[in-house]
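What follows is the content of target.txt (compact mmCIF, C-alpha atoms).
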```
# COMPACT_ATOMS: atom_id res chain seq x y z
CA MET A 1 -63.00 -43.41 30.99
CA GLN A 2 -59.72 -43.52 29.13
CA SER A 3 -59.85 -43.89 25.34
CA HIS A 4 -57.12 -45.29 23.11
CA PRO A 5 -55.81 -42.58 20.77
CA ILE A 6 -55.77 -42.98 17.02
CA ILE A 7 -52.26 -43.36 15.60
CA LEU A 8 -51.95 -41.28 12.46
CA PRO A 9 -49.57 -42.92 9.96
CA GLN A 10 -46.88 -40.97 8.15
CA PHE A 11 -48.44 -40.18 4.79
CA ASP A 12 -46.37 -39.40 1.73
CA PRO A 13 -46.39 -35.58 1.35
CA ILE A 14 -46.55 -36.09 -2.42
CA ALA A 15 -50.07 -36.79 -3.64
CA VAL A 16 -49.39 -37.61 -7.29
CA HIS A 17 -46.30 -38.47 -9.31
CA LEU A 18 -46.49 -37.40 -12.95
CA GLY A 19 -43.19 -38.61 -14.33
CA PRO A 20 -40.51 -36.29 -12.94
CA LEU A 21 -43.22 -33.94 -11.61
CA ALA A 22 -44.30 -34.40 -8.00
CA VAL A 23 -47.61 -32.81 -6.94
CA HIS A 24 -47.77 -32.23 -3.18
CA TRP A 25 -50.99 -32.32 -1.18
CA TYR A 26 -50.76 -28.55 -0.71
CA ALA A 27 -50.55 -28.00 -4.47
CA LEU A 28 -53.42 -30.40 -5.07
CA ALA A 29 -55.54 -28.49 -2.54
CA TYR A 30 -54.77 -25.21 -4.34
CA ILE A 31 -55.52 -26.69 -7.76
CA LEU A 32 -58.85 -28.22 -6.70
CA SER A 33 -59.98 -25.13 -4.82
CA ILE A 34 -59.21 -22.87 -7.80
CA LEU A 35 -60.92 -25.13 -10.34
CA ILE A 36 -64.04 -25.76 -8.25
CA GLY A 37 -64.14 -22.23 -6.84
CA TRP A 38 -63.84 -20.72 -10.32
CA LYS A 39 -66.88 -22.66 -11.53
CA ILE A 40 -68.94 -21.56 -8.53
CA ALA A 41 -67.73 -17.95 -8.77
CA VAL A 42 -68.77 -17.71 -12.42
CA ARG A 43 -72.31 -18.66 -11.48
CA LEU A 44 -72.40 -16.41 -8.42
CA CYS A 45 -71.16 -13.35 -10.33
CA GLY A 46 -74.00 -13.82 -12.81
CA LEU A 47 -76.71 -13.58 -10.17
CA ALA A 48 -78.59 -10.31 -9.97
CA PRO A 49 -77.38 -7.73 -9.28
CA ARG A 50 -74.63 -8.95 -11.58
CA ALA A 51 -71.07 -8.42 -10.43
CA ALA A 52 -68.95 -9.43 -13.45
CA THR A 53 -68.92 -11.34 -16.71
CA ARG A 54 -67.60 -14.87 -17.08
CA GLU A 55 -64.56 -13.54 -18.91
CA GLN A 56 -63.77 -11.16 -16.07
CA VAL A 57 -64.00 -13.97 -13.52
CA ASP A 58 -61.67 -16.02 -15.72
CA ASP A 59 -59.16 -13.17 -15.81
CA PHE A 60 -59.31 -12.61 -12.07
CA ALA A 61 -58.45 -16.24 -11.26
CA PHE A 62 -54.80 -15.58 -12.10
CA TRP A 63 -54.61 -12.44 -9.96
CA ALA A 64 -56.34 -14.17 -7.07
CA MET A 65 -53.80 -16.98 -7.16
CA LEU A 66 -50.97 -14.44 -7.27
CA GLY A 67 -52.44 -12.57 -4.30
CA VAL A 68 -52.78 -15.77 -2.27
CA VAL A 69 -49.21 -16.94 -2.91
CA LEU A 70 -47.40 -13.61 -2.55
CA GLY A 71 -49.59 -12.31 0.26
CA GLY A 72 -49.55 -15.60 2.11
CA ARG A 73 -45.77 -15.85 1.94
CA LEU A 74 -45.08 -12.24 2.88
CA GLY A 75 -47.67 -12.40 5.65
CA TYR A 76 -45.96 -15.44 7.16
CA ILE A 77 -42.60 -13.70 7.00
CA LEU A 78 -43.83 -10.46 8.60
CA PHE A 79 -46.31 -11.87 11.13
CA TYR A 80 -44.50 -15.00 12.29
CA LYS A 81 -40.76 -15.13 11.57
CA PRO A 82 -39.42 -11.69 10.58
CA GLY A 83 -36.15 -12.18 12.49
CA PHE A 84 -35.33 -15.46 10.78
CA TYR A 85 -35.95 -14.19 7.25
CA LEU A 86 -34.08 -10.97 7.96
CA THR A 87 -30.95 -13.04 8.55
CA HIS A 88 -31.80 -15.70 5.93
CA PRO A 89 -33.19 -13.68 2.96
CA LEU A 90 -32.70 -16.48 0.44
CA SER A 91 -35.14 -18.63 2.43
CA ILE A 92 -37.93 -16.23 1.46
CA ILE A 93 -38.27 -17.87 -1.95
CA GLU A 94 -38.22 -21.42 -0.55
CA VAL A 95 -42.01 -21.73 -0.52
CA TRP A 96 -41.71 -25.49 -0.97
CA GLN A 97 -40.43 -25.63 2.62
CA GLY A 98 -43.81 -24.38 3.87
CA GLY A 99 -44.74 -21.16 5.60
CA MET A 100 -47.95 -19.47 4.42
CA SER A 101 -50.25 -17.15 6.37
CA PHE A 102 -53.96 -16.98 5.66
CA HIS A 103 -54.15 -13.43 6.98
CA GLY A 104 -51.37 -12.39 4.60
CA GLY A 105 -53.05 -14.23 1.75
CA ALA A 106 -56.30 -12.40 2.53
CA LEU A 107 -54.53 -9.05 2.30
CA GLY A 108 -52.97 -10.12 -0.99
CA VAL A 109 -56.36 -11.04 -2.47
CA ILE A 110 -57.88 -7.76 -1.23
CA LEU A 111 -55.16 -5.83 -3.05
CA ALA A 112 -55.71 -7.96 -6.15
CA LEU A 113 -59.46 -7.28 -5.94
CA ALA A 114 -58.90 -3.54 -5.58
CA TRP A 115 -56.57 -3.40 -8.59
CA PHE A 116 -58.69 -5.69 -10.78
CA THR A 117 -62.03 -3.97 -10.10
CA TRP A 118 -60.49 -0.52 -10.66
CA ARG A 119 -58.94 -1.61 -13.94
CA ASN A 120 -62.19 -3.19 -15.18
CA GLY A 121 -64.61 -0.57 -13.86
CA LEU A 122 -66.35 -3.01 -11.50
CA SER A 123 -67.81 -2.44 -8.06
CA PHE A 124 -65.17 -3.53 -5.56
CA LEU A 125 -67.68 -4.57 -2.89
CA SER A 126 -70.07 -6.32 -5.28
CA PHE A 127 -67.29 -8.36 -6.90
CA SER A 128 -65.56 -9.16 -3.62
CA ASP A 129 -68.89 -10.34 -2.20
CA ARG A 130 -69.09 -13.08 -4.83
CA ILE A 131 -65.42 -14.06 -4.70
CA THR A 132 -65.21 -14.39 -0.91
CA ILE A 133 -68.06 -16.90 -0.97
CA VAL A 134 -65.79 -19.59 -2.40
CA VAL A 135 -62.74 -18.85 -0.21
CA PRO A 136 -63.83 -21.33 2.52
CA LEU A 137 -63.52 -24.08 -0.08
CA GLY A 138 -59.79 -23.46 -0.34
CA LEU A 139 -59.48 -23.12 3.42
CA GLY A 140 -61.14 -26.48 4.02
CA LEU A 141 -59.03 -28.31 1.43
CA GLY A 142 -55.89 -26.65 2.75
CA ARG A 143 -56.61 -27.85 6.29
CA CYS A 144 -57.16 -31.36 4.94
CA ALA A 145 -53.69 -31.14 3.40
CA ASN A 146 -52.33 -30.05 6.81
CA PHE A 147 -53.92 -33.13 8.35
CA ILE A 148 -52.52 -35.52 5.74
CA ASN A 149 -49.07 -33.98 6.20
CA GLY A 150 -49.37 -34.44 9.97
CA GLU A 151 -48.60 -30.78 10.68
CA LEU A 152 -50.17 -27.89 12.59
CA TRP A 153 -51.62 -30.40 15.02
CA GLY A 154 -53.63 -29.58 18.10
CA ARG A 155 -52.97 -29.25 21.81
CA PRO A 156 -52.88 -32.29 24.11
CA ALA A 157 -56.32 -33.90 24.27
CA PRO A 158 -58.07 -35.30 27.36
CA ASP A 159 -57.93 -39.06 27.91
CA TRP A 160 -61.64 -39.50 27.26
CA LEU A 161 -61.65 -37.91 23.78
CA PRO A 162 -62.45 -40.75 21.33
CA TRP A 163 -60.87 -39.01 18.31
CA ALA A 164 -57.62 -37.94 20.00
CA MET A 165 -54.68 -38.62 17.70
CA VAL A 166 -50.96 -39.21 17.92
CA PHE A 167 -49.24 -37.39 15.06
CA PRO A 168 -45.92 -38.59 13.58
CA THR A 169 -44.18 -35.30 14.38
CA GLY A 170 -46.12 -34.50 17.56
CA GLY A 171 -44.43 -36.91 19.92
CA ALA A 172 -46.24 -39.61 21.88
CA ILE A 173 -48.90 -37.19 23.16
CA ALA A 174 -52.51 -37.71 22.04
CA ARG A 175 -53.68 -34.44 20.53
CA HIS A 176 -56.75 -32.72 19.14
CA PRO A 177 -56.95 -33.10 15.33
CA SER A 178 -57.33 -29.33 15.10
CA GLN A 179 -56.75 -29.39 11.34
CA LEU A 180 -60.06 -31.25 10.97
CA TYR A 181 -61.79 -28.82 13.33
CA GLU A 182 -60.64 -26.00 11.07
CA ALA A 183 -61.60 -27.87 7.89
CA LEU A 184 -65.13 -28.31 9.25
CA THR A 185 -65.61 -24.79 10.65
CA GLU A 186 -63.50 -22.49 8.46
CA GLY A 187 -64.25 -24.70 5.46
CA LEU A 188 -67.51 -26.65 5.31
CA LEU A 189 -69.57 -24.68 7.85
CA LEU A 190 -68.50 -21.24 6.64
CA LEU A 191 -68.96 -22.24 2.99
CA SER A 192 -72.50 -23.44 3.75
CA VAL A 193 -73.35 -20.21 5.55
CA MET A 194 -71.96 -18.11 2.70
CA LEU A 195 -73.85 -20.03 -0.01
CA ILE A 196 -77.13 -19.85 1.90
CA ALA A 197 -76.70 -16.11 2.47
CA ALA A 198 -75.74 -15.53 -1.19
CA SER A 199 -78.92 -17.26 -2.35
CA ARG A 200 -80.96 -14.39 -0.86
CA PRO A 201 -81.42 -11.39 -3.21
CA TRP A 202 -81.81 -9.16 -0.13
CA VAL A 203 -78.26 -10.04 0.89
CA ARG A 204 -76.76 -9.67 -2.58
CA MET A 205 -78.21 -6.17 -2.86
CA ARG A 206 -76.30 -5.09 0.26
CA TYR A 207 -72.84 -4.64 -1.25
CA GLY A 208 -70.18 -5.53 1.29
CA PHE A 209 -72.43 -7.68 3.46
CA LEU A 210 -71.16 -11.01 2.14
CA SER A 211 -67.54 -9.87 2.34
CA GLY A 212 -68.13 -8.78 5.92
CA LEU A 213 -69.90 -12.04 6.73
CA PHE A 214 -66.90 -13.98 5.49
CA LEU A 215 -64.38 -11.89 7.45
CA PHE A 216 -66.39 -12.09 10.64
CA GLY A 217 -67.24 -15.77 10.18
CA TYR A 218 -63.64 -16.73 9.54
CA ALA A 219 -62.41 -14.70 12.51
CA VAL A 220 -64.86 -16.44 14.84
CA ALA A 221 -64.14 -19.92 13.45
CA ARG A 222 -60.36 -19.45 13.51
CA SER A 223 -60.38 -17.95 17.03
CA PHE A 224 -62.45 -20.89 18.27
CA CYS A 225 -60.19 -23.48 16.65
CA GLU A 226 -57.11 -21.76 18.08
CA LEU A 227 -58.34 -22.95 21.49
CA PHE A 228 -57.48 -26.49 20.37
CA ARG A 229 -54.50 -25.81 18.10
CA GLU A 230 -50.92 -25.94 19.36
CA PRO A 231 -49.30 -22.51 18.87
CA ASP A 232 -46.25 -22.27 16.65
CA ALA A 233 -43.20 -23.31 18.67
CA PHE A 234 -41.23 -20.21 17.71
CA ILE A 235 -44.02 -17.91 19.01
CA GLY A 236 -45.90 -19.83 21.69
CA PHE A 237 -48.62 -18.16 23.69
CA LEU A 238 -48.90 -14.39 23.84
CA PRO A 239 -49.94 -12.45 26.99
CA PHE A 240 -53.22 -13.62 28.56
CA GLY A 241 -52.87 -16.99 26.83
CA VAL A 242 -53.95 -15.81 23.39
CA THR A 243 -52.27 -16.88 20.15
CA MET A 244 -51.00 -14.91 17.18
CA GLY A 245 -53.84 -16.34 15.07
CA GLN A 246 -56.43 -14.95 17.49
CA VAL A 247 -54.76 -11.54 17.58
CA LEU A 248 -54.77 -11.30 13.78
CA CYS A 249 -58.47 -12.23 13.75
CA ILE A 250 -59.48 -9.18 15.81
CA PRO A 251 -59.14 -6.62 12.97
CA MET A 252 -60.80 -9.10 10.60
CA ALA A 253 -63.82 -9.43 12.88
CA LEU A 254 -64.12 -5.66 13.32
CA ALA A 255 -63.81 -5.07 9.57
CA GLY A 256 -66.42 -7.75 8.95
CA LEU A 257 -68.92 -6.15 11.33
CA TRP A 258 -68.34 -2.75 9.73
CA LEU A 259 -68.85 -4.09 6.21
CA MET A 260 -72.09 -5.87 7.16
CA ALA A 261 -73.39 -2.70 8.79
CA TYR A 262 -72.38 -0.66 5.72
CA GLY A 263 -74.17 -3.06 3.39
CA VAL A 264 -77.40 -2.92 5.41
CA ARG A 265 -77.35 0.89 5.44
CA HIS A 266 -76.57 1.28 1.72
CA PRO A 267 -78.82 -1.15 -0.21
CA HIS A 268 -78.84 -1.33 -4.00
CA THR A 269 -81.75 -2.19 -6.23
CA LEU A 270 -82.26 -4.87 -8.87
CA GLU A 271 -83.79 -2.38 -11.29
CA GLY A 272 -82.34 -2.80 -14.74
CA GLU A 273 -80.30 -5.84 -13.73
CA LYS A 274 -80.49 -9.24 -15.40
CA ALA A 275 -78.99 -12.43 -14.10
CA TYR A 276 -76.86 -14.43 -16.48
CA GLY A 277 -74.82 -17.61 -16.21
```
As a first step, turn the structure in this file into structure tokens.
Amino acid sequence: MQSHPIILPQFDPIAVHLGPLAVHWYALAYILSILIGWKIAVRLCGLAPRAATREQVDDFAFWAMLGVVLGGRLGYILFYKPGFYLTHPLSIIEVWQGGMSFHGGALGVILALAWFTWRNGLSFLSFSDRITIVVPLGLGLGRCANFINGELWGRPAPDWLPWAMVFPTGGAIARHPSQLYEALTEGLLLLSVMLIAASRPWVRMRYGFLSGLFLFGYAVARSFCELFREPDAFIGFLPFGVTMGQVLCIPMALAGLWLMAYGVRHPHTLEGEKAYG
């Protein structure tokens, strides 16, 4: 049975006008995810065994944002369009034109975590466990911004799919709203799994387990959603029909499995620890 596709209107890419200042949906997603994620992270870091003080979480917010922006931009340049930026170096700083890679942003945050924990004498794995819990929040909001902007749409959808959509920049073809698939899986579902796992003291005492759970969970969710997402036009499909996103998820999944195994084999105790908010 053929279903009529949903026609997605062309939304204004600017969410809020504050006088001469224009706040785009992307920026709004970043702002909300940092504000909400910061509040949650403060509480999570205070759970026993404690990972950091409130002041330390406050300080790390800046470095996390820096890692996301710089890592995400450099990752996009290196993983997706190195040839273009090699011949157009000034375009590297044009972040307002789009072009961010989650995998690059993840590497940037990992480097920020390593530097920050070393400088403050914190456990890298314990602190990263609490911070990675809130990352799916930013992923989900970011995918919602992709949807509103009508970009990164999905592959052609079957005629019977009731939620197939025609995107303003995707031609007349009804497509999968893959941005929403990713918002639900990489965002809402993964966030729920991480919060439930973090509520268990047994899990929190296995340093590295939550970080590994996030890496593995994201890799699985992203690889699944790539089955419905249209590959970038300048890359297309790789050999055997896989996409660049799926290839980059392989090391993430392996690292996640290793970290979970490490955490299970090297448990810590709650002796002498006190939870604080």
Taking only residues of region 101-174 of chain A that have an atom at most 8 Å from an atom of region 191-199 of chain A, what is each one's shortest atom pair and its distance in Å to one decimal, using all atoms listed in the file, in chain and number order, as JSON lines?
```
{"residue": "A:Arg130", "atom": "CA", "partner": "A:Ala198", "partner_atom": "CA", "distance": 8.0}
{"residue": "A:Ile133", "atom": "CA", "partner": "A:Met194", "partner_atom": "CA", "distance": 5.5}
{"residue": "A:Val134", "atom": "CA", "partner": "A:Leu191", "partner_atom": "CA", "distance": 6.8}
{"residue": "A:Val135", "atom": "CA", "partner": "A:Leu191", "partner_atom": "CA", "distance": 7.8}
{"residue": "A:Pro136", "atom": "CA", "partner": "A:Leu191", "partner_atom": "CA", "distance": 5.2}
{"residue": "A:Leu137", "atom": "CA", "partner": "A:Leu191", "partner_atom": "CA", "distance": 6.5}
```
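Each of A:Asp159, A:Asp232, A:Asp129, A:Glu151 was compared to Ala52 (chain A) using all atoms listed in the file, and A:Asp129 turns out to be the nearest.
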To one decimal in Å, tell me the separation between CA of Met205 (chain A) and CA of Pro267 (chain A). 5.7 Å
Tell me, as a tab-separated table (two decimals) with C-alpha atoms, in the coordinates of the input, which residues lie within 8 Å of region 28-40 of chain A, counting all atoms listed in the file; anything in the same chain fewer than 2 positions away does not count.
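Saved file around_3.tsv follows:
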```tsv
chain	number	residue	atom	x	y	z
A	15	ALA	CA	-50.07	-36.79	-3.64
A	23	VAL	CA	-47.61	-32.81	-6.94
A	24	HIS	CA	-47.77	-32.23	-3.18
A	25	TRP	CA	-50.99	-32.32	-1.18
A	26	TYR	CA	-50.76	-28.55	-0.71
A	42	VAL	CA	-68.77	-17.71	-12.42
A	43	ARG	CA	-72.31	-18.66	-11.48
A	44	LEU	CA	-72.40	-16.41	-8.42
A	57	VAL	CA	-64.00	-13.97	-13.52
A	58	ASP	CA	-61.67	-16.02	-15.72
A	61	ALA	CA	-58.45	-16.24	-11.26
A	134	VAL	CA	-65.79	-19.59	-2.40
A	135	VAL	CA	-62.74	-18.85	-0.21
A	137	LEU	CA	-63.52	-24.08	-0.08
A	138	GLY	CA	-59.79	-23.46	-0.34
A	141	LEU	CA	-59.03	-28.31	1.43
A	142	GLY	CA	-55.89	-26.65	2.75
A	145	ALA	CA	-53.69	-31.14	3.40
```
Would you mind telling me which residue in A:Trp160, A:Trp153, A:Phe62, A:Phe214 lies nearest to Leu227 (chain A) when using only C-alpha atoms?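 Answer, going by the shortest atom-to-atom distance: A:Trp153.
Neighbouring residues of Ala253 (chain A) at 8 Å or closer, counting all atoms listed in the file and skipping chain neighbours under 3 positions away, are A:Leu215, A:Phe216, A:Gly217, A:Ala219, A:Val220, A:Cys249, A:Ile250, A:Gly256, A:Leu257.
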Return the single residue from A:Pro5, A:Gly187, A:Gly263, A:Gly46 that is closest to Tyr218 (chain A), with distances computed using all atoms listed in the file.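 Smallest separation from Tyr218 (chain A) among the options: A:Gly187.
Residues in contact with Phe237 (chain A) at up to 12 Å, not including ones fewer than 5 positions away on its chain and judged by all atoms listed in the file, are Glu226, Leu227, Arg229, Glu230, Pro231, Asp232, Val242, Thr243, Met244, Gly245, Gln246 and Val247 of chain A.
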What is the CA of Gly208 (chain A) to CA of Gly108 (chain A) distance in Å?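 Straight-line distance from CA of Gly208 (chain A) to CA of Gly108 (chain A) works out to 18.0 Å.
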Mind checking which residues fall within 12 Å of Pro177 (chain A), counting all atoms listed in the file, ignoring those fewer than 6 positions away in the same chain, and posting them as a ChimeraX atom specification? /A:5-8,143-144,146-148,150-157,161-167,170,183-184,225-230
Using all atoms listed in the file: which of A:Gly104, A:Ile173, A:His17, A:Ser123 has the shortest distance to Ile77 (chain A): A:Gly104
What does the distance from CA of Leu213 (chain A) to CA of Leu259 (chain A) come to in Å, to one decimal? 8.0 Å
